[in-house]
Structures are given as C-alpha cells and as structure tokens.
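A.B. asks: This one is query02.txt, compact mmCIF, C-alpha atoms.
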```
# COMPACT_ATOMS: atom_id res chain seq x y z
CA MET K 1 6.46 2.82 52.36
CA THR K 2 4.75 0.59 49.81
CA ALA K 3 4.59 2.17 46.35
CA LYS K 4 1.05 2.86 45.18
CA LEU K 5 0.14 0.96 42.05
CA VAL K 6 -1.14 3.12 39.20
CA PRO K 7 -3.92 1.56 37.09
CA GLU K 8 -2.58 0.62 33.65
CA GLU K 9 -5.23 2.67 31.81
CA THR K 10 -4.00 5.89 33.46
CA MET K 11 -0.54 5.42 31.92
CA LEU K 12 -1.64 5.18 28.30
CA PRO K 13 -0.03 5.19 25.88
CA ARG K 14 2.75 2.92 27.10
CA PRO K 15 6.12 2.65 25.33
CA PHE K 16 5.79 0.14 22.49
CA GLY K 17 9.10 -1.39 23.50
CA GLU K 18 7.38 -2.75 26.61
CA MET K 19 4.94 -4.93 24.62
CA SER K 20 5.75 -8.56 25.36
CA MET K 21 7.27 -10.88 22.78
CA GLN K 22 4.49 -13.36 23.50
CA ARG K 23 1.82 -10.80 22.60
CA LEU K 24 3.69 -9.77 19.44
CA ALA K 25 4.14 -13.40 18.38
CA GLU K 26 0.34 -13.83 18.33
CA VAL K 27 -0.13 -11.08 15.72
CA ASP K 28 -1.42 -12.41 12.39
CA PHE K 29 -2.98 -9.16 11.06
CA VAL K 30 -1.33 -5.73 10.82
CA LEU K 31 -3.75 -2.86 10.19
CA THR K 32 -2.20 0.52 9.49
CA ASP K 33 -3.11 4.08 8.67
CA ILE K 34 -1.12 5.63 5.79
CA ASP K 35 -0.55 9.39 6.15
CA ASP K 36 2.07 10.16 8.79
CA THR K 37 1.99 6.50 9.85
CA LEU K 38 3.53 4.82 6.82
CA THR K 39 4.62 8.14 5.36
CA THR K 40 7.08 10.69 6.69
CA ALA K 41 6.77 14.34 5.68
CA GLY K 42 4.36 13.36 2.92
CA ARG K 43 6.56 10.66 1.38
CA LEU K 44 6.56 6.87 1.63
CA PRO K 45 10.10 5.97 2.76
CA SER K 46 11.73 2.78 1.55
CA LEU K 47 12.02 1.36 5.07
CA ALA K 48 8.23 1.56 5.55
CA TYR K 49 7.45 -0.06 2.19
CA HIS K 50 10.09 -2.70 2.86
CA ALA K 51 8.42 -3.34 6.22
CA LEU K 52 5.13 -3.98 4.39
CA GLU K 53 6.90 -6.41 2.06
CA ARG K 54 8.61 -8.26 4.90
CA LEU K 55 5.35 -8.69 6.80
CA HIS K 56 3.56 -9.84 3.64
CA HIS K 57 6.27 -12.37 2.77
CA ALA K 58 6.16 -13.69 6.35
CA GLY K 59 2.50 -14.58 5.84
CA ILE K 60 1.12 -11.78 7.99
CA VAL K 61 -2.04 -10.14 6.61
CA VAL K 62 -1.43 -6.42 6.03
CA ILE K 63 -4.38 -4.05 5.60
CA PRO K 64 -4.10 -0.28 5.23
CA VAL K 65 -7.04 1.46 6.93
CA THR K 66 -6.99 5.02 5.66
CA GLY K 67 -8.88 8.22 4.93
CA ARG K 68 -7.44 8.29 1.41
CA PRO K 69 -9.77 8.10 -1.61
CA ALA K 70 -11.13 5.23 -3.67
CA GLY K 71 -8.82 6.05 -6.57
CA TRP K 72 -5.76 5.69 -4.39
CA CYS K 73 -7.12 2.57 -2.69
CA ASP K 74 -7.70 0.83 -6.01
CA LEU K 75 -4.02 1.27 -6.84
CA ILE K 76 -2.90 0.28 -3.33
CA ALA K 77 -4.98 -2.91 -3.37
CA ARG K 78 -3.58 -3.82 -6.82
CA LEU K 79 0.10 -2.88 -6.48
CA TRP K 80 1.17 -2.79 -2.83
CA PRO K 81 2.16 -5.91 -0.83
CA VAL K 82 -1.15 -5.86 1.08
CA ASP K 83 -4.17 -8.16 1.31
CA ALA K 84 -6.93 -5.52 1.34
CA VAL K 85 -7.51 -1.84 1.99
CA VAL K 86 -10.21 0.05 3.92
CA GLY K 87 -10.60 3.58 2.54
CA GLU K 88 -12.29 6.94 3.01
CA ASN K 89 -12.50 6.36 6.77
CA GLY K 90 -14.60 3.23 6.39
CA ALA K 91 -16.71 3.98 3.32
CA PHE K 92 -15.51 0.76 1.65
CA TYR K 93 -13.02 -2.04 1.47
CA PHE K 94 -11.25 -3.26 -1.66
CA VAL K 95 -9.66 -6.68 -2.05
CA CYS K 96 -7.68 -7.59 -5.17
CA SER K 97 -6.31 -10.97 -6.18
CA PRO K 98 -4.65 -11.91 -9.48
CA GLN K 99 -7.11 -14.78 -9.87
CA GLY K 100 -10.34 -13.12 -8.76
CA GLY K 101 -9.91 -9.49 -9.72
CA MET K 102 -11.15 -6.64 -7.53
CA VAL K 103 -13.86 -6.97 -4.89
CA ARG K 104 -15.39 -3.63 -3.82
CA GLU K 105 -17.67 -3.52 -0.79
CA PHE K 106 -19.30 -0.20 0.19
CA ALA K 107 -21.02 0.87 3.39
CA GLN K 108 -23.71 2.66 1.36
CA SER K 109 -25.59 1.94 -1.85
CA ALA K 110 -24.74 3.75 -5.08
CA GLU K 111 -27.88 5.86 -4.70
CA GLU K 112 -26.96 6.84 -1.13
CA ARG K 113 -23.49 7.83 -2.32
CA ARG K 114 -24.94 9.95 -5.15
CA GLU K 115 -27.27 11.77 -2.76
CA GLY K 116 -24.46 12.26 -0.27
CA ARG K 117 -22.19 13.67 -2.96
CA GLN K 118 -24.75 16.30 -3.94
CA ARG K 119 -25.10 17.41 -0.32
CA LEU K 120 -21.34 17.41 0.20
CA ASP K 121 -20.75 19.49 -2.93
CA ARG K 122 -23.08 22.16 -1.56
CA LEU K 123 -21.44 21.94 1.85
CA ALA K 124 -17.97 22.31 0.34
CA ALA K 125 -18.82 25.72 -1.07
CA SER K 126 -20.09 26.95 2.30
CA ILE K 127 -17.04 25.65 4.19
CA LEU K 128 -14.59 27.33 1.82
CA THR K 129 -16.50 30.59 2.25
CA ALA K 130 -16.72 30.30 6.03
CA VAL K 131 -13.05 29.38 6.59
CA PRO K 132 -10.58 31.48 4.58
CA GLY K 133 -7.52 29.47 3.67
CA ALA K 134 -9.36 26.14 3.66
CA ARG K 135 -9.15 24.27 0.36
CA LEU K 136 -10.45 21.09 -1.20
CA SER K 137 -8.05 18.20 -0.93
CA ALA K 138 -6.12 17.59 -4.14
CA ASP K 139 -7.39 14.00 -4.10
CA GLN K 140 -11.08 14.99 -3.86
CA THR K 141 -11.70 14.05 -7.50
CA PHE K 142 -10.92 10.43 -6.69
CA ARG K 143 -13.35 10.12 -3.75
CA GLU K 144 -16.54 8.05 -3.76
CA ALA K 145 -18.21 8.94 -0.48
CA ASP K 146 -16.68 11.80 1.48
CA LEU K 147 -15.45 15.38 1.34
CA ALA K 148 -11.86 16.14 2.30
CA ILE K 149 -10.91 19.66 3.34
CA ASP K 150 -7.17 20.18 3.31
CA PHE K 151 -5.71 22.13 6.22
CA ALA K 152 -2.07 21.02 6.11
CA GLU K 153 -1.13 18.95 3.04
CA ASP K 154 -0.89 21.43 0.14
CA GLY K 155 -0.37 24.85 1.63
CA PRO K 156 0.22 26.42 5.02
CA ARG K 157 -1.31 24.67 8.03
CA LEU K 158 -4.46 26.36 9.25
CA LYS K 159 -4.85 27.46 12.86
CA ASP K 160 -6.50 25.08 15.30
CA ALA K 161 -9.49 27.42 15.52
CA ASP K 162 -9.98 27.22 11.76
CA ILE K 163 -9.79 23.42 11.84
CA ALA K 164 -12.40 23.40 14.61
CA ARG K 165 -14.61 25.66 12.50
CA ILE K 166 -14.40 23.23 9.57
CA VAL K 167 -15.50 20.43 11.89
CA SER K 168 -18.39 22.58 13.14
CA CYS K 169 -19.54 23.29 9.58
CA PHE K 170 -19.76 19.57 8.87
CA GLU K 171 -21.54 18.79 12.12
CA GLU K 172 -24.00 21.67 11.80
CA ALA K 173 -25.01 20.20 8.43
CA GLY K 174 -25.59 16.78 10.02
CA ALA K 175 -22.42 15.20 8.68
CA VAL K 176 -19.80 13.17 10.50
CA ALA K 177 -16.40 14.91 10.67
CA LYS K 178 -13.02 13.35 11.45
CA VAL K 179 -9.69 15.13 11.75
CA SER K 180 -6.55 13.48 10.38
CA SER K 181 -3.04 14.91 10.39
CA ILE K 182 -3.73 16.75 7.09
CA HIS K 183 -7.48 16.82 6.33
CA VAL K 184 -10.89 17.16 7.87
CA ASN K 185 -12.99 14.42 6.30
CA GLY K 186 -16.78 14.60 6.38
CA TRP K 187 -19.59 12.37 5.17
CA PHE K 188 -23.26 11.61 5.62
CA GLY K 189 -23.85 8.18 7.13
CA ARG K 190 -22.97 6.20 10.23
CA TYR K 191 -19.84 4.26 9.46
CA ASP K 192 -16.19 4.53 10.43
CA LYS K 193 -12.88 2.71 10.07
CA LEU K 194 -13.76 0.14 12.71
CA ALA K 195 -17.22 -0.70 11.32
CA MET K 196 -15.84 -1.42 7.86
CA THR K 197 -12.92 -3.38 9.31
CA ARG K 198 -15.46 -5.56 11.13
CA ARG K 199 -17.28 -6.15 7.83
CA LEU K 200 -14.04 -7.02 6.03
CA PHE K 201 -13.04 -9.55 8.69
CA SER K 202 -16.47 -11.16 8.72
CA ARG K 203 -17.11 -11.33 4.97
CA HIS K 204 -13.64 -11.90 3.59
CA TYR K 205 -11.79 -13.72 6.37
CA GLY K 206 -14.74 -15.38 8.13
CA LEU K 207 -13.61 -13.97 11.48
CA GLU K 208 -15.43 -12.01 14.17
CA LEU K 209 -13.19 -9.10 15.08
CA ASP K 210 -14.02 -9.30 18.80
CA LYS K 211 -12.65 -12.84 18.91
CA ALA K 212 -9.63 -12.07 16.71
CA ASP K 213 -8.56 -8.98 18.70
CA ARG K 214 -5.48 -10.63 20.25
CA ASN K 215 -4.22 -11.54 16.76
CA VAL K 216 -4.50 -7.98 15.37
CA ILE K 217 -2.30 -4.91 15.77
CA PHE K 218 -3.33 -1.47 14.56
CA VAL K 219 -0.89 1.37 13.91
CA GLY K 220 -2.06 4.98 13.49
CA ASP K 221 -1.15 8.58 14.14
CA SER K 222 -4.12 10.94 14.57
CA PRO K 223 -7.60 11.55 16.07
CA ASN K 224 -9.47 9.95 13.16
CA ASP K 225 -7.96 6.65 14.28
CA ALA K 226 -9.85 6.88 17.60
CA PRO K 227 -12.32 4.03 16.87
CA MET K 228 -9.40 1.70 16.17
CA PHE K 229 -7.33 2.92 19.11
CA GLY K 230 -10.27 2.39 21.42
CA PHE K 231 -11.15 -1.10 20.23
CA PHE K 232 -7.84 -2.90 19.79
CA GLN K 233 -5.76 -3.90 22.78
CA ASN K 234 -2.76 -3.86 20.45
CA SER K 235 -3.34 -0.31 19.22
CA VAL K 236 -0.12 1.58 18.57
CA GLY K 237 0.48 5.24 17.83
CA VAL K 238 3.64 6.23 16.03
CA ALA K 239 5.66 8.82 17.96
CA ASN K 240 4.13 11.81 16.16
CA PHE K 241 0.78 10.99 17.78
CA ALA K 242 2.21 12.93 20.72
CA ASP K 243 1.21 16.09 18.80
CA PHE K 244 -2.44 15.19 19.49
CA LEU K 245 -2.07 13.56 22.90
CA ASP K 246 -3.29 16.45 25.07
CA GLY K 247 -6.64 16.67 23.30
CA ALA K 248 -7.08 12.96 22.51
CA ALA K 249 -10.20 11.43 24.03
CA THR K 250 -9.12 7.97 22.81
CA PRO K 251 -5.34 7.53 22.70
CA PRO K 252 -3.57 4.37 21.51
CA LYS K 253 -2.55 1.80 24.10
CA TRP K 254 1.11 1.96 23.01
CA ILE K 255 3.42 4.46 21.30
CA THR K 256 6.63 3.95 19.31
CA GLN K 257 9.94 5.70 19.74
CA GLN K 258 10.12 6.63 16.07
CA ALA K 259 7.77 8.84 14.06
CA GLY K 260 6.00 8.18 10.78
CA GLY K 261 7.32 5.43 8.53
CA ALA K 262 10.21 4.68 10.88
CA GLY K 263 7.67 4.10 13.66
CA PHE K 264 5.75 1.63 11.49
CA ALA K 265 9.01 -0.16 10.65
CA GLU K 266 9.73 -0.32 14.39
CA VAL K 267 6.44 -2.19 14.89
CA ALA K 268 7.05 -4.51 11.93
CA ASP K 269 10.57 -5.35 13.12
CA ALA K 270 9.28 -6.25 16.59
CA ILE K 271 6.54 -8.52 15.20
CA LEU K 272 8.93 -10.32 12.86
CA ARG K 273 11.50 -10.82 15.64
CA ALA K 274 8.80 -12.23 17.91
CA LYS K 275 7.44 -14.49 15.18
CA GLY K 276 10.94 -15.77 14.46
CA GLY K 277 11.54 -16.45 18.12
CA ALA K 278 8.22 -18.24 18.46
CA ARG K 279 8.98 -20.45 15.44
CA GLY K 280 12.42 -21.23 16.84
CA ALA K 281 10.96 -22.22 20.21
CA SER K 282 8.36 -24.42 18.49
CA GLU K 283 10.99 -26.13 16.33
CA GLY K 284 13.16 -26.72 19.41
CA THR K 285 10.24 -28.33 21.20
CA ASN K 286 9.55 -30.62 18.23
CA ASP K 287 13.20 -31.67 18.01
CA ALA K 288 13.26 -32.56 21.69
CA SER K 289 10.12 -34.68 21.53
```
Produce structure tokens that represent the structure in this file.
C.D. replies:
Amino acid sequence: MTAKLVPEETMLPRPFGEMSMQRLAEVDFVLTDIDDTLTTAGRLPSLAYHALERLHHAGIVVIPVTGRPAGWCDLIARLWPVDAVVGENGAFYFVCSPQGGMVREFAQSAEERREGRQRLDRLAASILTAVPGARLSADQTFREADLAIDFAEDGPRLKDADIARIVSCFEEAGAVAKVSSIHVNGWFGRYDKLAMTRRLFSRHYGLELDKADRNVIFVGDSPNDAPMFGFFQNSVGVANFADFLDGAATPPKWITQQAGGAGFAEVADAILRAKGGARGASEGTNDAS
C-alpha cells in the first residue's frame, strides 16, 4: 500500500533540526523575542547572550522583537550586541549607533500616546478590581504606549480563566490584548510586532519584508508572537512553546529541542554552522576556478 502524503502545514511545527542547511545559510537577519525565548526562568543565561554576540560578530543582523518596555529597550539598543530593537509589541523601534546616537520611531504620535495612557490608566484600575490577584507589571513605569498586567512574573501564576478575563476587559474597552508567557499587554491602536518590523526594515534597512522573508528567521515562545509566526517561513518556537500549542491559532513553522535561552542558542549554532559551511563551499569553488 502506498503511504498517504500528509500536507506539510498539518504537521506544524516541525522539528527545527530538520531545517535544511541551505535555508539556514541564507539567513542574514535573526529576530527574537526576549522573555522565555532568550531568557530561562526569568534570567538571561550566558549561552543565550553569547549566541547574540556570536551572531553579531558574524555579521548577522540581530533584532529583539519584544513586549518589554521602552526603558528596557533603550538599554538593550545601547548595550546589547544587537542592531535594533522593536518594543512594547510593536509600539516603536529603537536603533542606536555610536556615531549617530539613538533613533526612536513610534507607531503613534506623542499626543496619541498621551491620550492612550490616560485611557489605559483608567482601564488598569478596573482590571485589577475585576480580576483578584492580577497586578501591574513591575516594568509598567518604563512603558510608553501599553499597559502590562502581570499574571506570572512576580507572584503566583493566575488561572487560565483569570487570564482570559483580563483579555476580555481589554477587548471590552476597545483595546488590543496580547498574551505573552508572563503578561497580558493591552493598547489602543492598530499595530503589532510584525507591522513595526516591516517599518524598521523599510526605513532603516531599505528592504521590503515580503521580499526579504527567506533571509530572516524569527524565534519566539508564546501567543503574542502569532503575527511573526504566521508571516515568516523561518519562524521557530523554542521548545516551551509546546505549553501553548493546543490553543495556538498560529503556531511557528518549526520548534527547537531545547527550551528558553538554550533553544535560542540551538538556532544560533545551526545558523553559524550553515554559514560556515556555505563560506567553505564558496571558497572551495573559487580555489578550483
């Protein structure tokens, strides 16, 4: 009996180890979430940071794409071995260079952000009343455009029903709500991680993201990465994404063996091996000619 072929899309996510060396060798941009993608149990392990450094030194453009706040992203853009950072789920991108200083590009005007903040402050009070145990994220003070409700970072993890209620509170108020591994982030406005990444590529790199897709890999871990998982053919979930897999409308195309920072390092190692192999093959061809 002839085996029935199963369409590739029904098998997602596929093991990252099955991604071809040729595909990996074409990667020039690594986009990555931070929490539970670069970090493990709330900490940034040395192997993940070293992976960022190795990619950066190899000439690969590294861009964190995160839900973390503007205050954090300013530091990351200045001090980490990265080229740019997209923050607050697409509210802005920051690019810092020693020669040119910091470039800050926002999805909304300063006035729109002020109006949104006033509405979010009122909404915060109602959410904390409606969902006992919910708390403001400890990094809320450093945010420009959104409201982060902590359900797992600093304190016991809330029940799934409570997390769903937080999302409902945002949506009933007309806000967008996205669930990460630790927070529910909400904002007023129609932007997301993918929209701001498109803007960054167009304005800073002079590239249209649709045409550059084959040269980009994205690594993430949770449902708020859905726009990126859905768009990029080289979208990778670290192993802990399996916690969300049953309810994920948009899973990554690939998944690593390792979780958190070790999973990111797994991706970086594979890219650097493939790039080294591609350079070796090219040099061999030149020698023979």
A.B. asks: Fewer than 2 positions away in the same chain doesn't count, so skip those; otherwise give me all residues within 10 Å of K:Val267, counting all atoms listed in the file, as a tab-separated table (two decimals) with C-alpha atoms, in the coordinates of the input.
C.D. replies:
```tsv
chain	number	residue	atom	x	y	z
K	16	PHE	CA	5.79	0.14	22.49
K	17	GLY	CA	9.10	-1.39	23.50
K	24	LEU	CA	3.69	-9.77	19.44
K	30	VAL	CA	-1.33	-5.73	10.82
K	51	ALA	CA	8.42	-3.34	6.22
K	217	ILE	CA	-2.30	-4.91	15.77
K	218	PHE	CA	-3.33	-1.47	14.56
K	219	VAL	CA	-0.89	1.37	13.91
K	236	VAL	CA	-0.12	1.58	18.57
K	237	GLY	CA	0.48	5.24	17.83
K	238	VAL	CA	3.64	6.23	16.03
K	255	ILE	CA	3.42	4.46	21.30
K	256	THR	CA	6.63	3.95	19.31
K	257	GLN	CA	9.94	5.70	19.74
K	258	GLN	CA	10.12	6.63	16.07
K	261	GLY	CA	7.32	5.43	8.53
K	262	ALA	CA	10.21	4.68	10.88
K	263	GLY	CA	7.67	4.10	13.66
K	264	PHE	CA	5.75	1.63	11.49
K	265	ALA	CA	9.01	-0.16	10.65
K	269	ASP	CA	10.57	-5.35	13.12
K	270	ALA	CA	9.28	-6.25	16.59
K	271	ILE	CA	6.54	-8.52	15.20
K	272	LEU	CA	8.93	-10.32	12.86
```
A.B. asks: Between atom CA of K:Ala164 and atom CA of K:Gly67, measure the distance and give it in Å to one decimal.
C.D. replies: 18.3 Å
A.B. asks: Hey, can you check how far atom CA of K:Thr66 sits from atom CA of K:Val85?
C.D. replies: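 Distance reported for this atom pair: 7.8 Å.
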A.B. asks: Please provide the set of residues having any atom within 12 Å of K:Leu31, restricted to all atoms listed in the file, with same-chain residues fewer than 4 positions apart removed, written as number ranges by chain.
C.D. replies: K: 27, 37-38, 52, 55, 60-66, 82-86, 193-194, 197, 200-201, 213, 215-220, 225, 228-229, 232, 234-237, 264, 267-268
A.B. asks: Using all atoms listed in the file, can you tell me which of K:Asp74, K:Glu171, K:Glu144, K:Glu26 comes closest to K:Glu111?
C.D. replies: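 Nearest candidate to K:Glu111 out of K:Asp74, K:Glu171, K:Glu144, K:Glu26: K:Glu144.
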A.B. asks: Determine the nearest neighbour of K:Pro223 from the options K:Asn89, K:Val95, K:Arg203, K:Ala173, counting all atoms listed in the file.
C.D. replies: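 Using all atoms listed in the file, K:Pro223 sits closest to K:Asn89.
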A.B. asks: Mind giving me the straight-line distance from atom CA of K:Gly90 to atom CA of K:Ile34 in Å, one decimal?
C.D. replies: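 One can read the atom CA of K:Gly90 to atom CA of K:Ile34 distance as 13.7 Å.
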A.B. asks: With all atoms listed in the file as the counted atoms, please give the residues lying no more than 8 Å from K:Asn240, apart from itself and same-chain residues fewer than 5 positions off, as a count of residues only.
C.D. replies: 5
A.B. asks: List every protein, DNA or RNA residue that has an atom no more than 6 Å from (-8.8, 21.8, 10.4) in the file's coordinate frame, counting all atoms listed in the file, and report them as a list in words.
C.D. replies: Phe151, Asp162, Ile163, Ala164, Ile166 and Val184 of chain K
A.B. asks: Can you pull out the residues contacting K:Glu53? Cut-off 9 Å, using all atoms listed in the file, and skip same-chain residues under 5 positions away; I want them as a PDB file with C-alpha atoms, in the frame of the given file.
C.D. replies:
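Writing done, so here's result.pdb:
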```pdb
ATOM      1  CA  ALA K  48       8.230   1.560   5.550  1.00  0.00           C
ATOM      2  CA  ALA K  58       6.160 -13.690   6.350  1.00  0.00           C
ATOM      3  CA  TRP K  80       1.170  -2.790  -2.830  1.00  0.00           C
ATOM      4  CA  PRO K  81       2.160  -5.910  -0.830  1.00  0.00           C
ATOM      5  CA  VAL K  82      -1.150  -5.860   1.080  1.00  0.00           C
TER       6      VAL K  82
END
```
A.B. asks: Go through K:Glu172, K:Glu112, K:Glu88, K:Asp243 and flag the residue nearest K:Arg143, using all atoms listed in the file for the distances.
C.D. replies: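 Going through K:Glu172, K:Glu112, K:Glu88, K:Asp243 one by one, the smallest distance to K:Arg143 is for K:Glu88.
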A.B. asks: So which one's closest to K:Leu147, K:Arg119, K:Gly186, K:Ala242, K:Ser181? Using all atoms listed in the file, please.
C.D. replies: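 Looking only at the distances to K:Leu147, the closest residue turns out to be K:Gly186.
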A.B. asks: Just checking: using all atoms listed in the file, which residue out of K:Arg14, K:His183, K:Arg122, K:Arg104 ends up closest to K:Leu136?
C.D. replies: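 Distance minimum relative to K:Leu136 lands on K:His183.
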A.B. asks: Just checking: using all atoms listed in the file, which residue out of K:Gly59, K:Gln118, K:Pro156, K:Asp246 ends up closest to K:Pro132?
C.D. replies: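 Smallest distance to K:Pro132 is found for K:Pro156.
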A.B. asks: Near K:Asp150, within 7 Å and counting all atoms listed in the file, which residues show up once chain neighbours fewer than 2 positions away are dropped, as a PDB file with C-alpha atoms, in the coordinates of the input?
C.D. replies:
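Written output follows (around.pdb):
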```pdb
ATOM      1  CA  ALA K 134      -9.360  26.140   3.660  1.00  0.00           C
ATOM      2  CA  ARG K 135      -9.150  24.270   0.360  1.00  0.00           C
ATOM      3  CA  LEU K 136     -10.450  21.090  -1.200  1.00  0.00           C
ATOM      4  CA  SER K 137      -8.050  18.200  -0.930  1.00  0.00           C
ATOM      5  CA  ALA K 148     -11.860  16.140   2.300  1.00  0.00           C
ATOM      6  CA  ALA K 152      -2.070  21.020   6.110  1.00  0.00           C
ATOM      7  CA  GLU K 153      -1.130  18.950   3.040  1.00  0.00           C
ATOM      8  CA  ILE K 182      -3.730  16.750   7.090  1.00  0.00           C
ATOM      9  CA  HIS K 183      -7.480  16.820   6.330  1.00  0.00           C
ATOM     10  CA  VAL K 184     -10.890  17.160   7.870  1.00  0.00           C
TER      11      VAL K 184
END
```
A.B. asks: Working from the structure I just supplied, which lacks atoms in stretch 125-134 of chain K, can you model all heavy atoms there and output them as a short mmCIF file (atom, residue, chain, number, x, y, z; two decimals), keeping the file's coordinate frame?
C.D. replies:
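Output contents, as saved in selection_17.cif:
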```
data_model
loop_
_atom_site.label_atom_id
_atom_site.label_comp_id
_atom_site.auth_asym_id
_atom_site.auth_seq_id
_atom_site.Cartn_x
_atom_site.Cartn_y
_atom_site.Cartn_z
N ALA K 125 -18.82 24.30 -0.73
CA ALA K 125 -18.82 25.72 -1.07
C ALA K 125 -18.99 26.58 0.18
O ALA K 125 -18.32 27.61 0.35
CB ALA K 125 -19.93 26.03 -2.07
N SER K 126 -19.86 26.15 1.10
CA SER K 126 -20.09 26.95 2.30
C SER K 126 -18.90 26.90 3.25
O SER K 126 -18.57 27.89 3.91
CB SER K 126 -21.37 26.47 3.01
OG SER K 126 -21.22 25.16 3.51
N ILE K 127 -18.21 25.76 3.32
CA ILE K 127 -17.04 25.65 4.19
C ILE K 127 -15.92 26.55 3.67
O ILE K 127 -15.26 27.27 4.45
CB ILE K 127 -16.56 24.19 4.28
CG1 ILE K 127 -17.57 23.36 5.07
CG2 ILE K 127 -15.18 24.12 4.96
CD1 ILE K 127 -17.24 21.87 5.09
N LEU K 128 -15.67 26.52 2.38
CA LEU K 128 -14.59 27.33 1.82
C LEU K 128 -14.87 28.83 1.98
O LEU K 128 -13.93 29.63 2.10
CB LEU K 128 -14.38 26.99 0.34
CG LEU K 128 -13.99 25.54 0.04
CD1 LEU K 128 -13.74 25.35 -1.45
CD2 LEU K 128 -12.76 25.12 0.84
N THR K 129 -16.14 29.19 2.00
CA THR K 129 -16.50 30.59 2.25
C THR K 129 -16.34 30.94 3.72
O THR K 129 -15.84 32.02 4.06
CB THR K 129 -17.96 30.84 1.82
OG1 THR K 129 -18.09 30.58 0.42
CG2 THR K 129 -18.37 32.27 2.11
N ALA K 130 -16.73 30.02 4.59
CA ALA K 130 -16.72 30.30 6.03
C ALA K 130 -15.31 30.29 6.63
O ALA K 130 -15.06 30.94 7.65
CB ALA K 130 -17.59 29.28 6.76
N VAL K 131 -14.39 29.54 6.02
CA VAL K 131 -13.05 29.38 6.59
C VAL K 131 -12.01 29.78 5.55
O VAL K 131 -11.56 28.96 4.74
CB VAL K 131 -12.81 27.93 7.05
CG1 VAL K 131 -11.46 27.82 7.77
CG2 VAL K 131 -13.94 27.44 7.95
N PRO K 132 -11.61 31.04 5.53
CA PRO K 132 -10.58 31.48 4.58
C PRO K 132 -9.30 30.67 4.74
O PRO K 132 -8.85 30.41 5.85
CB PRO K 132 -10.37 32.95 4.96
CG PRO K 132 -11.65 33.35 5.61
CD PRO K 132 -12.12 32.14 6.37
N GLY K 133 -8.74 30.28 3.64
CA GLY K 133 -7.52 29.47 3.67
C GLY K 133 -7.78 27.98 3.55
O GLY K 133 -6.88 27.22 3.20
N ALA K 134 -9.01 27.55 3.85
CA ALA K 134 -9.36 26.14 3.66
C ALA K 134 -9.44 25.85 2.16
O ALA K 134 -9.78 26.73 1.37
CB ALA K 134 -10.69 25.83 4.33
#
```
